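Chemist: I have a structure here, written as structure tokens, and I will follow up with some questions on it.
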Amino acid sequence: MVKKCDMKIIGMHCASCVNKIEKAIKSVRGVKQASVNLVTEKATVEFDEKVTSETELQEAVKKTGYGVAERNDELRLKVIGMNNPHCAGIVNKAALSLKGVSDIHVDFASEKAVVKYDRESVNSKQIMKAIEDSGYTPIEEGSESTEDKERAARKKEIDELTTKFIVGALLSTVIFVGSFIKLDFLPSFLYNNITLFILTIPVQFWVGWQFHKGFWSALRLRTADMNTLISIGTNAAFLYSTLATFAPEIFTSSGLAADVYFDTAAVINTLIILGRLLEARAKGDTSEAIRRLIGLQAKTARVIRNGKEVDILIEEVKANDVVVVRPGEKIPVDGMIISGYSAIDESMITGESMPVDKKEGDQVIGATINKTGAFKFRATKVGKETALAQIIKLVEEAQGSKAPIQKLADYISSIFVPVVLAIAALTFMVWYVFGPQPAITFAFLNFVAVLLIACPCALGLATPTAVMVSTGKGAENGILIRSGESLEIAHKINTVIFDKTGTLTQGKPVVTDVITANGFKEKDVLFLAGSAEKGSEHPLGEAIVSRAKEQKIELQDPVSFDAIPGHGIKAVVGSKKVLLGNLKLMRDSGIAVTLEKEAIRLAGEGKTPMFLAVNSKLAGIVAVADTLKPYSKQAVEELHKLGIEIVMISGDNKRTANAIASQVGIDKVLAEVLPEDKEKEVKRLKNEGKIVAAVGDGINDAPMLAAANVGIAIGTGTDVAMEASDITLISGDLRAVVTAIQLSKSTLAVIKQNLFWAFVYNIIGIPVAAGTLYFLSFALPTVKVLTPVLGDKLLLSPIIASAAMAFSSVSVISNSLRLKGFRGSLSNKNEVIEVEKDPICGMDVDPGTAQYKTSKDGKTYYFCAKSCKEEFEKR
């Protein structure tokens with residue numbers, strides 16, 4: 001059986017580390033797939049648990065010289081009541097009976113137990129309950145969450161690097177002064193080589209110890225990484241200087257000066273530690289989005305237990321619990337309101353800036369904030385099933401994924417260090433043979449410079465840091481990006497295909513027009529039509545009933561009701577015989593129709609006209625339509641500005657589909673398409689060479705989303721559609737499609753900038769460090785214009801080389817962090833236009849597409865339907 005697991009890797013610094021660990025994991029028998037991410041410091045492995053285990057995988061990683069963070073949480077307990085080994089055995093068995101408990105150590109003499117468990121499968125309260133049920137009293141001594149452990153580990157790393165940098169900087173300054181700057185007030189022994197040797201030892205072997213340790217681990221595995229280059233370079237400078245100090249005759253006997261380079265070894269170690277320190281801090285910033293999402297979670301919940309309100313930890317909330325929420329409080333878990341109403345701020349989840357009104361029967365999302373009223377709701381999803389938990393999981397998976405553009409960088413990084421070692425060796429030989437005197441000195445310095453300027457870290461960090469920041473930024477804007485691959489493809493999209501119903505439109509029919517005839521009033525028409533449809537479950541009938549209720553019309557139960565398939569209904573309301581349906585029903589019933597032109601006009605606008613006849617006399621028309629969502633038109637306009645072709649696909653007839661398309665400016669309409677044929681239409685567009693994004697919300701859209709280059713699901717739709725998609729929009733606002741594509745374009749621009757810098761830096765830096773400009777100057781004298789920067793011999797100092805290397809990685813991460821400031825042209829948190837409320841029915845109306853509006857007292861009012869406008873004007 002194939003199992004998937006994640007491991008937190010400790011000690012990675014560059015793409016060479018990634019390749020080494022991936023190679024080690026894949027060499028374990030039973031491993032199907034392995035992916036290691038440098039930025040998240042995580043390995044994701046799929047393996048056959050019948051062949052190998054997580055323990056074996058961890059051992060394989062440890063053998064490469066890297067660490068694996070303890071995955072389990074630890075719970076320390078004082079267990080009252082144990083007095084012999086048998087008691088310890090009972091406690092042991094009780095804890096291990098729970099799924100997720102991996103180990104327990106019980107000491108009956110001290111009445112203590114240490115339990116290791118996976119917090120995703122079980123929590124501390126459940127473990128304590130199991131022990132309590134076995135007859136003992138557990139008291140928690142203290143436990144630490146995984147987030148706290150990671151935060152503590154990051155803080156410890158930064159603190160250690162800070163201390164090392166401060167010590168290294170102080171000693172390096174003294175060594176540098178002792179090597180080059182003669183100051184009369186300083187003691188003479190400072191300018192002694194032996195003093196410099198003593199001062200350099202702690203910098204070389206304490207400040208820089210991690211480099212030598214990494215080099216040794218790589219050497220044992222017959223491989224090489226970034227630590228190899230640093231360790232060889234600094235040790236070469238240190239050992240050369242040590243020989244020149246204690247055995248100068250080795251050099252002087254050959255007529256060479258016994259120069260020392262203790263300053264080089266010290267300053268290089270210090271600068272690279274500074275680079276690692278800045279890198280560690282920057283890496284912490286890239287995971288800020290996940291920490292912010294985790295921080296949204298409520299800590300406690302107020303539930304009703306045994307008829308009383310009690311406060312409990314959020315981990316103890318169960319499905320079907322009744323939860324009480326007061327004004328200003330966070331909603332702890334997902335659920336459905338069973339009493340009360342309120343306005344809820346969902347901006348942290350959906351990106352929508354305006355509070356959303358909620359009433360009985362509406363869904364609420366955990367971690368959102370209750371603004372005004374108090375209400376009770378029934379918990380439906382708890383723990384890792386909540387919307388927030390799923391969002392965190394999706395973002396974590398996306399941040400750990402690799403974009404296709406990273407493959408080239410990974411390949412180059414895998415061969416980078418051996419190639420650099422070969423270039424360094426060749427540099428030494430060329431300068432030793434062909435260089436000016438003292439040739440050994442120039443050969444040595446250039447050898448060290450080549451080792452130190454080369455930087456595979458920048459290559460390794462170029463893509464994952466950008467992907468990590470942008471997926472987190474997407475989550476902040478209500479856009480969940482499943483992988484680096486979909487993020488990369490999205491910037492190439494040139495065709496977007498929208499499903500109509502529920503995506504471009506509300507997905508719920510509403511009454512848009514009421515036209516009367518033969519002396520009937522609008523209220524009469526709505527009363528009779530609504531009463532006739534009162535028990536109907538047909539969407540068009542429900543729309544009429546809903547509109548009648550909105551206008552405070554008291555409906556009656558029909559005396560009789562009969563459905564006429566394909567035509568409409570007939571009913572008796574009070575003493576009146578009512579017919580409600582299409583034109584054919586009217587003609588078949590011998591009703592004189594005088595509003596046929598109005599019906600044709602309404603149908604041409606994409607509305608469904610239903611004729612109402614009372615006692616064989618035409619009373620009017622009720623028109624029903626699925627209206628556009630707010631911002632649909634604006635989203636389409638902005639996609640056009642990006643040069644993207646817009647296609648709408650629908651199962652509706654061509655007239656209705658074309659009417660909707662004309663309102664928003666759709667380029668191409670595919671109407672009367674069966675659900676099973678939507679996928680074929682997407683494939684046909686792809687075969688034409690188009691990069692297609694498909695946007696939908698229903699179950700029948702899932703094949704279409706899966707077939708597209710990028711599938712985008714509306715988060716207000718079905719779980720099936722979201723599972724098939726590459727990107728999920730948490731809210732139904734289609735402007736987020738624009739934001740997602742703009743985010744992809746910005747991310748790819750940053751990745752390309754990072755890769756350009758990383759490649760150009762190494763392509764230029766390594767030849768300059770190797771001293772090629774010196775030899776080139778004989779053929780091209782103009783190169784000598786660089787002498788003010790590089791000196792007479794046009795050589796790069798190893799100290800400058802190490803500084804450039806240290807800051808190349810930092811520059812790449814800093815460039816990626818610029819994405820934290822991304823704001824799309826239609827960011828949900830920076831809305832371009834406001835949705836207006838219909839003053840009669842309260843529905844959202846987009847002023848840009850509203851057909852009905854009127855001005856009163858200097859203000860413009862917008863309406864979803866003609867009947868609402870007429871009702872407003874009457875008041």
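Each chain in the structure tokens gets a letter, A, B, ..., in the order shown, and its residues are numbered from 1; ligands are numbered from 1 in order too.
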Find the residues near Ser27 (chain A): any atom within 12 Å, counting only C-alpha atoms, skip ones fewer than 2 places away on the same chain, and give them as a ChimeraX atom specification.
Modeler: /A:20-25,29-34,47,52,56-57,60-61,64
Chemist: Save out the residues we just selected, all heavy atoms, as a tab-separated table (two decimals), in the first residue's frame.
Modeler:
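Below you can see again-v3.tsv, which holds the result:
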```
chain	number	residue	atom	x	y	z
A	20	LYS	N	21.15	15.90	-3.27
A	20	LYS	CA	21.78	14.83	-2.48
A	20	LYS	C	20.73	14.06	-1.68
A	20	LYS	O	20.70	12.83	-1.64
A	20	LYS	CB	22.82	15.44	-1.54
A	20	LYS	CG	23.67	14.39	-0.82
A	20	LYS	CD	24.42	14.98	0.36
A	20	LYS	CE	25.25	16.18	-0.03
A	20	LYS	NZ	25.99	16.71	1.15
A	21	ILE	N	19.82	14.81	-1.02
A	21	ILE	CA	18.80	14.18	-0.18
A	21	ILE	C	17.79	13.41	-1.04
A	21	ILE	O	17.39	12.30	-0.71
A	21	ILE	CB	18.10	15.23	0.69
A	21	ILE	CG1	19.10	15.83	1.68
A	21	ILE	CG2	16.92	14.64	1.45
A	21	ILE	CD1	18.62	17.08	2.39
A	22	GLU	N	17.38	14.03	-2.17
A	22	GLU	CA	16.44	13.33	-3.07
A	22	GLU	C	17.04	12.01	-3.55
A	22	GLU	O	16.36	10.99	-3.59
A	22	GLU	CB	16.09	14.22	-4.26
A	22	GLU	CG	14.99	15.23	-3.97
A	22	GLU	CD	14.53	15.95	-5.24
A	22	GLU	OE1	15.08	15.68	-6.32
A	22	GLU	OE2	13.61	16.79	-5.14
A	23	LYS	N	18.32	12.05	-3.90
A	23	LYS	CA	19.00	10.85	-4.40
A	23	LYS	C	19.05	9.77	-3.31
A	23	LYS	O	18.81	8.59	-3.58
A	23	LYS	CB	20.41	11.23	-4.84
A	23	LYS	CG	21.16	10.10	-5.54
A	23	LYS	CD	22.52	10.61	-6.03
A	23	LYS	CE	23.30	9.48	-6.72
A	23	LYS	NZ	24.63	9.96	-7.17
A	24	ALA	N	19.33	10.19	-2.07
A	24	ALA	CA	19.41	9.23	-0.96
A	24	ALA	C	18.06	8.59	-0.68
A	24	ALA	O	17.96	7.38	-0.45
A	24	ALA	CB	19.93	9.94	0.30
A	25	ILE	N	16.98	9.41	-0.70
A	25	ILE	CA	15.65	8.88	-0.42
A	25	ILE	C	15.20	7.93	-1.52
A	25	ILE	O	14.67	6.84	-1.25
A	25	ILE	CB	14.62	10.04	-0.26
A	25	ILE	CG1	14.96	10.88	0.99
A	25	ILE	CG2	13.21	9.49	-0.14
A	25	ILE	CD1	14.12	12.13	1.12
A	29	ARG	N	14.69	1.18	-1.13
A	29	ARG	CA	13.77	0.27	-1.81
A	29	ARG	C	12.34	0.51	-1.36
A	29	ARG	O	12.08	0.61	-0.16
A	29	ARG	CB	14.17	-1.19	-1.52
A	29	ARG	CG	13.55	-2.21	-2.47
A	29	ARG	CD	14.23	-3.56	-2.30
A	29	ARG	NE	13.95	-4.11	-0.98
A	29	ARG	CZ	12.92	-4.91	-0.71
A	29	ARG	NH1	12.09	-5.24	-1.67
A	29	ARG	NH2	12.73	-5.38	0.50
A	30	GLY	N	11.42	0.62	-2.31
A	30	GLY	CA	10.02	0.84	-1.96
A	30	GLY	C	9.57	2.27	-2.15
A	30	GLY	O	8.37	2.55	-2.09
A	31	VAL	N	10.51	3.20	-2.38
A	31	VAL	CA	10.15	4.60	-2.59
A	31	VAL	C	9.65	4.79	-4.02
A	31	VAL	O	10.33	4.43	-4.98
A	31	VAL	CB	11.34	5.54	-2.31
A	31	VAL	CG1	11.02	6.97	-2.74
A	31	VAL	CG2	11.70	5.51	-0.84
A	32	LYS	N	8.44	5.35	-4.16
A	32	LYS	CA	7.84	5.58	-5.48
A	32	LYS	C	8.20	6.95	-6.02
A	32	LYS	O	8.47	7.12	-7.20
A	32	LYS	CB	6.31	5.46	-5.39
A	32	LYS	CG	5.82	4.14	-4.79
A	32	LYS	CD	6.10	2.98	-5.69
A	32	LYS	CE	5.52	1.69	-5.12
A	32	LYS	NZ	5.88	0.51	-5.95
A	33	GLN	N	8.18	7.94	-5.14
A	33	GLN	CA	8.44	9.32	-5.56
A	33	GLN	C	8.96	10.12	-4.38
A	33	GLN	O	8.54	9.88	-3.23
A	33	GLN	CB	7.15	9.95	-6.10
A	33	GLN	CG	7.38	11.27	-6.82
A	33	GLN	CD	6.11	11.77	-7.49
A	33	GLN	OE1	5.13	11.05	-7.57
A	33	GLN	NE2	6.13	13.01	-7.96
A	34	ALA	N	9.87	11.06	-4.64
A	34	ALA	CA	10.40	11.92	-3.58
A	34	ALA	C	10.66	13.30	-4.13
A	34	ALA	O	11.19	13.46	-5.23
A	34	ALA	CB	11.69	11.32	-3.01
A	47	PHE	N	5.78	6.11	-0.67
A	47	PHE	CA	6.50	4.83	-0.56
A	47	PHE	C	5.54	3.69	-0.25
A	47	PHE	O	4.41	3.90	0.23
A	47	PHE	CB	7.58	4.92	0.53
A	47	PHE	CG	7.04	5.17	1.92
A	47	PHE	CD1	6.80	4.10	2.79
A	47	PHE	CD2	6.77	6.46	2.35
A	47	PHE	CE1	6.31	4.33	4.06
A	47	PHE	CE2	6.26	6.69	3.62
A	47	PHE	CZ	6.04	5.62	4.49
A	52	THR	N	9.13	-0.50	2.99
A	52	THR	CA	9.98	0.36	3.83
A	52	THR	C	9.11	1.12	4.83
A	52	THR	O	7.90	0.93	4.88
A	52	THR	CB	10.79	1.33	2.95
A	52	THR	OG1	11.74	2.02	3.76
A	52	THR	CG2	9.90	2.33	2.25
A	56	GLU	N	13.08	4.21	8.20
A	56	GLU	CA	14.15	3.92	7.25
A	56	GLU	C	14.44	5.14	6.38
A	56	GLU	O	15.60	5.42	6.05
A	56	GLU	CB	13.78	2.73	6.38
A	56	GLU	CG	13.83	1.38	7.12
A	56	GLU	CD	13.56	0.22	6.17
A	56	GLU	OE1	14.05	0.26	5.04
A	56	GLU	OE2	12.86	-0.72	6.58
A	57	LEU	N	13.39	5.84	6.01
A	57	LEU	CA	13.57	7.04	5.19
A	57	LEU	C	14.34	8.11	5.97
A	57	LEU	O	15.23	8.78	5.44
A	57	LEU	CB	12.21	7.60	4.75
A	57	LEU	CG	11.36	6.70	3.84
A	57	LEU	CD1	9.99	7.33	3.61
A	57	LEU	CD2	12.06	6.48	2.51
A	60	ALA	N	17.96	7.22	6.09
A	60	ALA	CA	18.62	7.49	4.81
A	60	ALA	C	19.02	8.96	4.72
A	60	ALA	O	20.10	9.30	4.24
A	60	ALA	CB	17.70	7.11	3.65
A	61	VAL	N	18.14	9.85	5.21
A	61	VAL	CA	18.43	11.29	5.19
A	61	VAL	C	19.58	11.59	6.16
A	61	VAL	O	20.51	12.33	5.83
A	61	VAL	CB	17.18	12.12	5.57
A	61	VAL	CG1	17.54	13.60	5.73
A	61	VAL	CG2	16.10	11.95	4.52
A	64	THR	N	23.12	11.08	5.04
A	64	THR	CA	23.71	12.09	4.13
A	64	THR	C	24.31	13.26	4.90
A	64	THR	O	24.88	14.16	4.31
A	64	THR	CB	22.62	12.63	3.16
A	64	THR	OG1	21.63	13.32	3.92
A	64	THR	CG2	21.98	11.52	2.37
```
Chemist: So that I can see what lies close to Glu360 (chain A), please list as a PyMOL selection string the residues with an atom at most 6 Å from it, counting only C-alpha atoms and leaving out residues fewer than 2 positions away in the same chain.
Modeler: chain A and resi 337-339+362
Chemist: For the structure I just gave you, how does DSSP split region 291-505 of chain A - specifically, which residues are helix (DSSP H, G or I)? Reply as JSON, numbers by chain.
Modeler: {"A": [291, 292, 293, 294, 295, 314, 315, 316, 347, 348, 349, 350, 383, 384, 385, 387, 388, 389, 390, 391, 392, 393, 394, 395, 396, 397, 398, 399, 400, 406, 407, 408, 409, 410, 411, 412, 413, 414, 415, 416, 417, 418, 419, 420, 421, 422, 423, 424, 425, 426, 427, 428, 429, 430, 431, 432, 433, 434, 439, 440, 441, 442, 443, 444, 445, 446, 447, 448, 449, 450, 451, 452, 453, 456, 457, 458, 459, 460, 461, 462, 463, 464, 465, 466, 467, 468, 469, 470, 471, 472, 473, 474, 475, 476, 484, 485, 486, 487, 488, 489, 490, 500, 501, 502, 503, 504]}
Chemist: For Thr200 (chain A), please output as a PyMOL selection string all residues within 10 Å (counting only C-alpha atoms; exclusion window: fewer than 2 positions along the same chain).
Modeler: chain A and resi 168+171-172+174-175+194-198+202-207+238+262-267
Chemist: Using only N, CA and C atoms, please write the residues we just selected to a file, as a short mmCIF file (atom, residue, chain, number, x, y, z; two decimals), in the first residue's frame.
Modeler:
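In the end it all went to out.cif:
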```
data_model
loop_
_atom_site.label_atom_id
_atom_site.label_comp_id
_atom_site.auth_asym_id
_atom_site.auth_seq_id
_atom_site.Cartn_x
_atom_site.Cartn_y
_atom_site.Cartn_z
N GLY A 168 32.72 36.59 15.13
CA GLY A 168 33.54 36.58 13.92
C GLY A 168 33.88 37.98 13.46
N LEU A 171 36.60 39.56 15.89
CA LEU A 171 37.93 38.98 15.70
C LEU A 171 38.48 39.30 14.31
N SER A 172 37.62 39.25 13.28
CA SER A 172 38.08 39.54 11.92
C SER A 172 38.57 40.97 11.79
N VAL A 174 39.96 42.78 14.17
CA VAL A 174 41.29 42.83 14.81
C VAL A 174 42.33 42.20 13.89
N ILE A 175 41.98 41.04 13.29
CA ILE A 175 42.93 40.35 12.40
C ILE A 175 43.24 41.21 11.18
N ILE A 194 51.95 34.96 14.73
CA ILE A 194 51.46 33.94 15.68
C ILE A 194 50.19 34.44 16.37
N THR A 195 50.15 35.75 16.70
CA THR A 195 48.94 36.33 17.29
C THR A 195 47.76 36.22 16.32
N LEU A 196 48.04 36.52 15.05
CA LEU A 196 46.98 36.42 14.04
C LEU A 196 46.51 34.98 13.90
N PHE A 197 47.42 34.04 13.98
CA PHE A 197 47.08 32.61 13.91
C PHE A 197 46.14 32.23 15.06
N ILE A 198 46.47 32.68 16.28
CA ILE A 198 45.65 32.34 17.46
C ILE A 198 44.25 32.97 17.34
N PRO A 202 39.49 30.45 16.42
CA PRO A 202 38.06 30.38 16.75
C PRO A 202 37.14 30.76 15.58
N VAL A 203 37.62 31.68 14.74
CA VAL A 203 36.80 32.06 13.59
C VAL A 203 36.73 30.90 12.59
N GLN A 204 37.87 30.29 12.35
CA GLN A 204 37.93 29.20 11.36
C GLN A 204 37.20 27.95 11.84
N PHE A 205 37.38 27.59 13.11
CA PHE A 205 36.89 26.28 13.57
C PHE A 205 35.69 26.34 14.53
N TRP A 206 35.24 27.54 14.89
CA TRP A 206 33.99 27.64 15.65
C TRP A 206 32.93 28.39 14.83
N VAL A 207 33.29 29.59 14.39
CA VAL A 207 32.34 30.35 13.56
C VAL A 207 32.03 29.57 12.28
N PHE A 238 43.83 29.17 5.49
CA PHE A 238 44.32 29.01 6.86
C PHE A 238 45.60 28.17 6.89
N PHE A 262 45.59 35.06 6.96
CA PHE A 262 44.65 34.79 8.06
C PHE A 262 43.42 35.69 7.93
N ASP A 263 43.65 36.93 7.47
CA ASP A 263 42.52 37.87 7.30
C ASP A 263 41.51 37.32 6.28
N THR A 264 42.03 36.68 5.24
CA THR A 264 41.14 36.11 4.21
C THR A 264 40.25 35.04 4.80
N ALA A 265 40.85 34.08 5.54
CA ALA A 265 40.08 32.99 6.14
C ALA A 265 39.04 33.53 7.12
N ALA A 266 39.43 34.48 7.96
CA ALA A 266 38.53 35.00 8.99
C ALA A 266 37.37 35.79 8.39
N VAL A 267 37.72 36.71 7.49
CA VAL A 267 36.67 37.57 6.92
C VAL A 267 35.71 36.74 6.07
#
```
Chemist: Tell me, as a ChimeraX atom specification, which residues lie within 12 Å of Met128 (chain A), counting only C-alpha atoms; anything in the same chain fewer than 3 positions away does not count.
Modeler: /A:75-80,91-92,94-96,98,101,113-115,122-125,131-141
Chemist: May I ask which of the residues A:Gly383, A:Gly715, A:Gly771, A:Gly824 is the closest one to Phe442 (chain A), counting only C-alpha atoms?
Modeler: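 Among the listed residues, the smallest separation from Phe442 (chain A) belongs to A:Gly771.
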Chemist: Which is closest to Ile714 (chain A) among A:Glu645, A:Asp499, A:Asp524, A:Asp357, if we use only C-alpha atoms?
Modeler: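 Under the stated criterion, the closest residue is A:Asp499.
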Chemist: Can you pull out the residues contacting Glu679 (chain A)? Cut-off 10 Å, using only C-alpha atoms, and skip same-chain residues under 6 positions away; I want them as a list of chain:residue names.
Modeler: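 Skipping anything fewer than 6 positions along the chain leaves A:Ala694, A:Asn700, A:Asp701, A:Ala702, A:Pro703, A:Met704, A:Leu705, A:Ala706, A:Ala707, A:Ala708.
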Chemist: Residues at most 12 Å from Thr594 (chain A), counting only C-alpha atoms, excluding those fewer than 4 positions away in the same chain, as a list in words?
Modeler: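 Close residues of Thr594 (chain A): Ile515, Thr516, Ala517, Asn518, Leu583, Met586, Arg587, Glu598, Ala599, Ile600, Phe611, Leu612, Ala613, Lys617, Leu618, Ala619, Gly620 and Ile621 of chain A.
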Chemist: Using C-alpha atoms, can you write the selected residues to a file as a PDB file, in the first residue's frame?
Modeler:
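Once everything was written out, this is result-v6.pdb:
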```pdb
ATOM      1  CA  ILE A 515     -46.200  42.946 -17.234  1.00  0.00           C
ATOM      2  CA  THR A 516     -49.953  43.233 -16.673  1.00  0.00           C
ATOM      3  CA  ALA A 517     -52.936  43.038 -19.042  1.00  0.00           C
ATOM      4  CA  ASN A 518     -56.743  43.373 -19.036  1.00  0.00           C
ATOM      5  CA  LEU A 583     -47.249  30.471 -25.122  1.00  0.00           C
ATOM      6  CA  MET A 586     -52.097  29.590 -23.668  1.00  0.00           C
ATOM      7  CA  ARG A 587     -52.952  28.751 -27.285  1.00  0.00           C
ATOM      8  CA  GLU A 598     -43.413  41.729 -25.075  1.00  0.00           C
ATOM      9  CA  ALA A 599     -42.719  38.010 -24.651  1.00  0.00           C
ATOM     10  CA  ILE A 600     -40.428  37.999 -27.713  1.00  0.00           C
ATOM     11  CA  PHE A 611     -47.983  33.815 -19.250  1.00  0.00           C
ATOM     12  CA  LEU A 612     -50.653  34.007 -16.546  1.00  0.00           C
ATOM     13  CA  ALA A 613     -54.299  33.456 -17.389  1.00  0.00           C
ATOM     14  CA  LYS A 617     -58.473  35.655 -19.520  1.00  0.00           C
ATOM     15  CA  LEU A 618     -54.832  36.811 -19.935  1.00  0.00           C
ATOM     16  CA  ALA A 619     -53.647  38.578 -16.755  1.00  0.00           C
ATOM     17  CA  GLY A 620     -50.017  39.256 -17.652  1.00  0.00           C
ATOM     18  CA  ILE A 621     -46.490  37.945 -18.004  1.00  0.00           C
TER      19      ILE A 621
END
```
Chemist: Excluding Asn815 (chain A) and residues on its chain fewer than 2 positions from it, collect all residues at most 10 Å away from it, counting only C-alpha atoms, and give them as a PyMOL selection string.
Modeler: chain A and resi 462+465-466+750-751+753-754+809-813+817-819
Chemist: Taking only C-alpha atoms into account, which of A:Ile799, A:Val647, A:Leu445, A:Ala657 comes nearest Phe176 (chain A)?
Modeler: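 Closest to Phe176 (chain A), using only C-alpha atoms: A:Ile799.
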Chemist: Let me make sure I understand: among A:Lys534, A:Arg482, A:Lys308, A:Lys508, which one has the smallest atom-to-atom distance to Ser725 (chain A) if we use only C-alpha atoms?
Modeler: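 Looking at the shortest contact to Ser725 (chain A), the residue is A:Arg482.
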Chemist: Using only C-alpha atoms for the distances, tell me which of A:Asp321, A:Asp48, A:Glu638, A:Asp677 is nearest to Ser650 (chain A).
Modeler: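 Smallest separation from Ser650 (chain A) among the options: A:Asp677.
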Chemist: When you draw a straight line from CA of Val467 (chain A) to CA of Ile9 (chain A), how long is it in Å?
Modeler: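 Taking CA of Val467 (chain A) and CA of Ile9 (chain A), their separation equals 19.0 Å.
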Chemist: Please run DSSP on the backbone and report, as a PyMOL selection string, all residues within region 667-778 of chain A that come out as strand (DSSP E).
Modeler: chain A and resi 668-670+692-696+710-714+727-729
Chemist: Counting only C-alpha atoms, figure out which residue out of A:Thr441, A:Pro565, A:Thr234, A:Ala343 gets nearest to Ala258 (chain A).
Modeler: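 For Ala258 (chain A), the nearest of the given residues is A:Thr441.
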Chemist: Would you mind reading off the distance between CA of Val68 (chain A) and CA of Leu278 (chain A), one decimal, in Å?
Modeler: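 Result for CA of Val68 (chain A) versus CA of Leu278 (chain A): 22.8 Å, one decimal.
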